Amino acid sequence: MQLNTLKPVRGSRKKKKRLGRGIGSGSGKTCGRGHKGQKSRSGGRVKPGFEGGQMPLQRRLPKFGFTSRVSLFRQEVPVYALNVLVRELQVDTVNLEVLKKAGLIRKTTRYVKIILSGELAYPLTIKGVGVRVTKGAKAHIESKGGKVEYMDNQLKKTEAV
């Protein structure tokens, strides 16, 4: 193989359309642009995002970020953050009120999910309405000698899960 014998693969390079070469070519006279209208003229293009006079999408959408209403009442708390409760507040049972008191969640929060992130140094009991625990976090808490007890709103009973 020599540099001067290299050729592109057959069909990989398309031939340029030859415009304005007479009526028999199929693209003569109007050169495939049709008759009249903005797109038939030279320099006749619509700018990106133009929707024919309708208010464009980028102007219809709000300028500021979107805040989910669900996020106003739900929060996640990592396992390592629960160490603060034992160190500073000397508590052994975790519920919504305790988490709010410690400043780990907002005062408007109604539902909390404890997720596995970091290490738990002390045995804790997770209990109360609105407090859930992921599978990994539950296994970690139980391995440290803690317990997870759900008080479900719908069932109206305490259930060790």
# chains A, B, ... in the order shown; residues from 1 in each chain; ligands from 1
>>> residues_around(residues="Val131 in chain A", least_positions_apart="5", cutoff="7 Å", atoms="only C-alpha atoms", output="list in words")
Asn95, Leu96, Tyr111, Val112 and Lys113 of chain A
>>> residues_around(residues="Ser117 in chain A", least_positions_apart="5", cutoff="7 Å", atoms="only C-alpha atoms", output="list in words")
Pro78, Val79 and Tyr80 of chain A
>>> residues_around(residues="Gly32 in chain A", least_positions_apart="6", cutoff="12 Å", atoms="only C-alpha atoms", output="PyMOL selection string")
chain A and resi 17-23+25-26+39-41
>>> write_last_selection(atoms="C-alpha atoms", output="PDB file, in the first residue's frame")
ATOM      1  CA  LYS A  17     -25.693  18.025  -6.108  1.00  0.00           C
ATOM      2  CA  ARG A  18     -25.184  20.117  -9.236  1.00  0.00           C
ATOM      3  CA  LEU A  19     -27.801  22.840  -9.144  1.00  0.00           C
ATOM      4  CA  GLY A  20     -29.037  25.088 -11.956  1.00  0.00           C
ATOM      5  CA  ARG A  21     -27.943  22.848 -14.832  1.00  0.00           C
ATOM      6  CA  GLY A  22     -31.090  22.986 -16.955  1.00  0.00           C
ATOM      7  CA  ILE A  23     -34.612  21.576 -16.945  1.00  0.00           C
ATOM      8  CA  SER A  25     -31.377  17.707 -14.544  1.00  0.00           C
ATOM      9  CA  GLY A  26     -34.347  17.856 -12.150  1.00  0.00           C
ATOM     10  CA  LYS A  39     -36.560  29.976   1.904  1.00  0.00           C
ATOM     11  CA  SER A  40     -36.369  30.411  -1.856  1.00  0.00           C
ATOM     12  CA  ARG A  41     -34.495  33.716  -1.621  1.00  0.00           C
TER      13      ARG A  41
END
>>> select_by_dssp(residues="range 70-150 of chain A", states="helix (DSSP H, G or I)", output="PyMOL selection string")
chain A and resi 70-72+79-89+96-102+135-143
>>> write_last_selection(atoms="C-alpha atoms", output="CSV table (one decimal), in the first residue's frame")
chain,number,residue,atom,x,y,z
A,70,VAL,CA,-42.5,17.4,46.8
A,71,SER,CA,-39.0,18.5,47.8
A,72,LEU,CA,-40.4,21.1,50.1
A,79,VAL,CA,-26.3,7.7,58.3
A,80,TYR,CA,-23.1,9.5,59.4
A,81,ALA,CA,-25.2,12.7,60.3
A,82,LEU,CA,-27.0,10.7,63.0
A,83,ASN,CA,-23.7,10.5,65.0
A,84,VAL,CA,-24.3,14.2,65.9
A,85,LEU,CA,-27.6,13.2,67.7
A,86,VAL,CA,-25.8,11.0,70.1
A,87,ARG,CA,-22.7,13.2,70.6
A,88,GLU,CA,-24.5,16.5,71.2
A,89,LEU,CA,-28.1,15.7,72.2
A,96,LEU,CA,-38.8,13.7,63.1
A,97,GLU,CA,-38.8,16.0,66.1
A,98,VAL,CA,-35.3,15.0,67.1
A,99,LEU,CA,-33.9,15.6,63.6
A,100,LYS,CA,-35.6,19.0,63.5
A,101,LYS,CA,-34.2,19.9,66.9
A,102,ALA,CA,-30.7,18.9,65.8
A,135,LYS,CA,-32.2,-1.4,52.9
A,136,GLY,CA,-28.5,-0.6,53.1
A,137,ALA,CA,-28.9,1.9,55.9
A,138,LYS,CA,-31.2,-0.6,57.8
A,139,ALA,CA,-28.6,-3.3,57.6
A,140,HIS,CA,-25.8,-1.0,58.7
A,141,ILE,CA,-27.8,0.4,61.7
A,142,GLU,CA,-28.7,-3.2,62.8
A,143,SER,CA,-25.1,-4.3,62.4
>>> residues_around(residues="Leu124 in chain A", least_positions_apart="4", cutoff="9 Å", atoms="only C-alpha atoms", output="PyMOL selection string")
chain A and resi 82+86+91-94+120+141-142+144-148
